[in-house]
Amino acid sequence: MQNQIPAQPPKSFRITLELNSRMSRMDNTLLNALKEQKENLNLKNISRQGLKNLFIDGRIQIKGQRAKPSSALAKGTTYVDILGY
């Protein structure tokens, strides 16, 4: 079975999370992944409060759906889109 990659929204930055185990909170995992990436310096240097504001504004999505900071992430590959970047 092949994983289908969801379409990336226009004017967004996509980060792919490869997880070896389930993570209980999305916000901590995403913040760490953003700090490690090198493609978008604005997001690389984002603060915890800045990330929280993106969640509040609904600019973080998974499969076109608004994500919550407290959402759990399943083991495997997750595509996260950040709108406006």
# chains A, B, ... in the order shown; residues from 1 in each chain; ligands from 1

$ residues_around --residues "A:Ser21" --least-positions-apart "6" --cutoff "8 Å" --atoms "only C-alpha atoms" --output "PyMOL selection string"
chain A and resi 74-76

$ write_last_selection --atoms "N, CA and C atoms" --output "short mmCIF file (atom, residue, chain, number, x, y, z; two decimals), in the first residue's frame"
data_model
loop_
_atom_site.label_atom_id
_atom_site.label_comp_id
_atom_site.auth_asym_id
_atom_site.auth_seq_id
_atom_site.Cartn_x
_atom_site.Cartn_y
_atom_site.Cartn_z
N ALA A 74 0.31 10.27 15.31
CA ALA A 74 0.49 8.83 15.17
C ALA A 74 1.90 8.52 14.68
N LYS A 75 2.32 7.30 14.92
CA LYS A 75 3.60 6.80 14.42
C LYS A 75 3.55 6.83 12.88
N GLY A 76 4.67 7.16 12.26
CA GLY A 76 4.73 7.19 10.81
C GLY A 76 4.97 8.59 10.28
#

$ residues_around --residues "stretch 49-58 of chain A" --least-positions-apart "2" --cutoff "10 Å" --atoms "only C-alpha atoms" --output "JSON, numbers by chain"
{"A": [27, 28, 30, 31, 34, 43, 45, 46, 47, 60, 61, 65, 66, 67, 68, 69, 82, 83, 84]}

$ write_last_selection --atoms "N, CA and C atoms" --output "PDB file, in the first residue's frame"
ATOM      1  N   ASP A  27       2.374  20.231  19.419  1.00  0.00           N
ATOM      2  CA  ASP A  27       3.094  21.500  19.477  1.00  0.00           C
ATOM      3  C   ASP A  27       4.575  21.327  19.789  1.00  0.00           C
ATOM      4  N   ASN A  28       4.910  20.497  20.751  1.00  0.00           N
ATOM      5  CA  ASN A  28       6.322  20.290  21.102  1.00  0.00           C
ATOM      6  C   ASN A  28       7.095  19.636  19.964  1.00  0.00           C
ATOM      7  N   LEU A  30       6.338  19.653  16.733  1.00  0.00           N
ATOM      8  CA  LEU A  30       6.435  20.586  15.604  1.00  0.00           C
ATOM      9  C   LEU A  30       7.477  21.668  15.869  1.00  0.00           C
ATOM     10  N   LEU A  31       7.508  22.210  17.074  1.00  0.00           N
ATOM     11  CA  LEU A  31       8.492  23.242  17.396  1.00  0.00           C
ATOM     12  C   LEU A  31       9.915  22.706  17.224  1.00  0.00           C
ATOM     13  N   LEU A  34      10.679  22.353  13.491  1.00  0.00           N
ATOM     14  CA  LEU A  34      10.910  23.656  12.861  1.00  0.00           C
ATOM     15  C   LEU A  34      12.292  24.193  13.195  1.00  0.00           C
ATOM     16  N   LEU A  43      10.536  30.460  10.245  1.00  0.00           N
ATOM     17  CA  LEU A  43       9.975  29.399  11.088  1.00  0.00           C
ATOM     18  C   LEU A  43      11.050  28.723  11.934  1.00  0.00           C
ATOM     19  N   ASN A  45      13.372  30.175  13.488  1.00  0.00           N
ATOM     20  CA  ASN A  45      13.592  31.024  14.651  1.00  0.00           C
ATOM     21  C   ASN A  45      12.309  31.378  15.405  1.00  0.00           C
ATOM     22  N   ILE A  46      11.221  30.673  15.133  1.00  0.00           N
ATOM     23  CA  ILE A  46       9.944  30.995  15.770  1.00  0.00           C
ATOM     24  C   ILE A  46       9.983  30.666  17.262  1.00  0.00           C
ATOM     25  N   SER A  47       9.338  31.508  18.037  1.00  0.00           N
ATOM     26  CA  SER A  47       9.258  31.279  19.484  1.00  0.00           C
ATOM     27  C   SER A  47       8.078  30.352  19.793  1.00  0.00           C
ATOM     28  N   ILE A  60      -2.047  26.302  11.008  1.00  0.00           N
ATOM     29  CA  ILE A  60      -1.368  25.006  10.989  1.00  0.00           C
ATOM     30  C   ILE A  60      -2.404  23.945  10.672  1.00  0.00           C
ATOM     31  N   GLN A  61      -2.131  23.190   9.590  1.00  0.00           N
ATOM     32  CA  GLN A  61      -3.099  22.208   9.124  1.00  0.00           C
ATOM     33  C   GLN A  61      -2.448  20.857   8.873  1.00  0.00           C
ATOM     34  N   GLN A  65      -7.090  20.086   7.428  1.00  0.00           N
ATOM     35  CA  GLN A  65      -7.885  20.339   8.627  1.00  0.00           C
ATOM     36  C   GLN A  65      -7.070  21.137   9.633  1.00  0.00           C
ATOM     37  N   ARG A  66      -7.730  22.022  10.324  1.00  0.00           N
ATOM     38  CA  ARG A  66      -7.078  22.829  11.361  1.00  0.00           C
ATOM     39  C   ARG A  66      -6.543  21.921  12.466  1.00  0.00           C
ATOM     40  N   ALA A  67      -5.287  22.115  12.838  1.00  0.00           N
ATOM     41  CA  ALA A  67      -4.647  21.292  13.865  1.00  0.00           C
ATOM     42  C   ALA A  67      -4.715  21.988  15.219  1.00  0.00           C
ATOM     43  N   LYS A  68      -4.718  21.181  16.278  1.00  0.00           N
ATOM     44  CA  LYS A  68      -4.704  21.702  17.645  1.00  0.00           C
ATOM     45  C   LYS A  68      -3.351  21.394  18.272  1.00  0.00           C
ATOM     46  N   PRO A  69      -2.830  22.279  19.122  1.00  0.00           N
ATOM     47  CA  PRO A  69      -1.521  22.034  19.732  1.00  0.00           C
ATOM     48  C   PRO A  69      -1.494  20.777  20.594  1.00  0.00           C
ATOM     49  N   ILE A  82       1.888  24.907   7.057  1.00  0.00           N
ATOM     50  CA  ILE A  82       1.788  26.167   7.789  1.00  0.00           C
ATOM     51  C   ILE A  82       1.450  27.250   6.771  1.00  0.00           C
ATOM     52  N   LEU A  83       0.257  27.771   6.872  1.00  0.00           N
ATOM     53  CA  LEU A  83      -0.240  28.728   5.871  1.00  0.00           C
ATOM     54  C   LEU A  83       0.432  30.087   6.033  1.00  0.00           C
ATOM     55  N   GLY A  84       0.683  30.733   4.913  1.00  0.00           N
ATOM     56  CA  GLY A  84       1.271  32.067   4.915  1.00  0.00           C
ATOM     57  C   GLY A  84       2.774  32.107   4.883  1.00  0.00           C
TER      58      GLY A  84
END

$ closest_residue --among "A:Lys11, A:Gln4, A:Met26, A:Glu36" --to "A:Val80" --atoms "only C-alpha atoms"
A:Met26

$ atom_distance --atom1 "atom CA of A:Thr29" --atom2 "atom CA of A:Thr78"
11.3 Å

$ select_by_dssp --residues "chain A" --states "strand (DSSP E or B)" --output "VMD selection string"
chain A and resid 12 to 19 23 60 to 62 65 to 66 73 76 to 83

$ write_last_selection --atoms "C-alpha atoms" --output "PDB file, in the first residue's frame"
ATOM      1  CA  SER A  12       2.316  27.477   2.645  1.00  0.00           C
ATOM      2  CA  PHE A  13       5.369  25.795   4.117  1.00  0.00           C
ATOM      3  CA  ARG A  14       5.245  22.024   4.490  1.00  0.00           C
ATOM      4  CA  ILE A  15       7.160  20.111   7.106  1.00  0.00           C
ATOM      5  CA  THR A  16       7.206  16.331   7.115  1.00  0.00           C
ATOM      6  CA  LEU A  17       7.325  14.633  10.493  1.00  0.00           C
ATOM      7  CA  GLU A  18       8.759  11.103  10.520  1.00  0.00           C
ATOM      8  CA  LEU A  19       7.876   9.563  13.867  1.00  0.00           C
ATOM      9  CA  MET A  23       3.697  11.584  20.285  1.00  0.00           C
ATOM     10  CA  ILE A  60      -1.368  25.006  10.989  1.00  0.00           C
ATOM     11  CA  GLN A  61      -3.099  22.208   9.124  1.00  0.00           C
ATOM     12  CA  ILE A  62      -2.892  18.459   8.692  1.00  0.00           C
ATOM     13  CA  GLN A  65      -7.885  20.339   8.627  1.00  0.00           C
ATOM     14  CA  ARG A  66      -7.078  22.829  11.361  1.00  0.00           C
ATOM     15  CA  LEU A  73       0.538  12.421  16.379  1.00  0.00           C
ATOM     16  CA  GLY A  76       4.730   7.186  10.806  1.00  0.00           C
ATOM     17  CA  THR A  77       4.716  10.120   8.395  1.00  0.00           C
ATOM     18  CA  THR A  78       2.656  13.255   9.001  1.00  0.00           C
ATOM     19  CA  TYR A  79       2.556  16.226   6.612  1.00  0.00           C
ATOM     20  CA  VAL A  80       2.012  19.552   8.385  1.00  0.00           C
ATOM     21  CA  ASP A  81       1.235  22.683   6.370  1.00  0.00           C
ATOM     22  CA  ILE A  82       1.788  26.167   7.789  1.00  0.00           C
ATOM     23  CA  LEU A  83      -0.240  28.728   5.871  1.00  0.00           C
TER      24      LEU A  83
END

$ atom_distance --atom1 "atom CA of A:Ser71" --atom2 "atom CA of A:Arg59"
14.8 Å
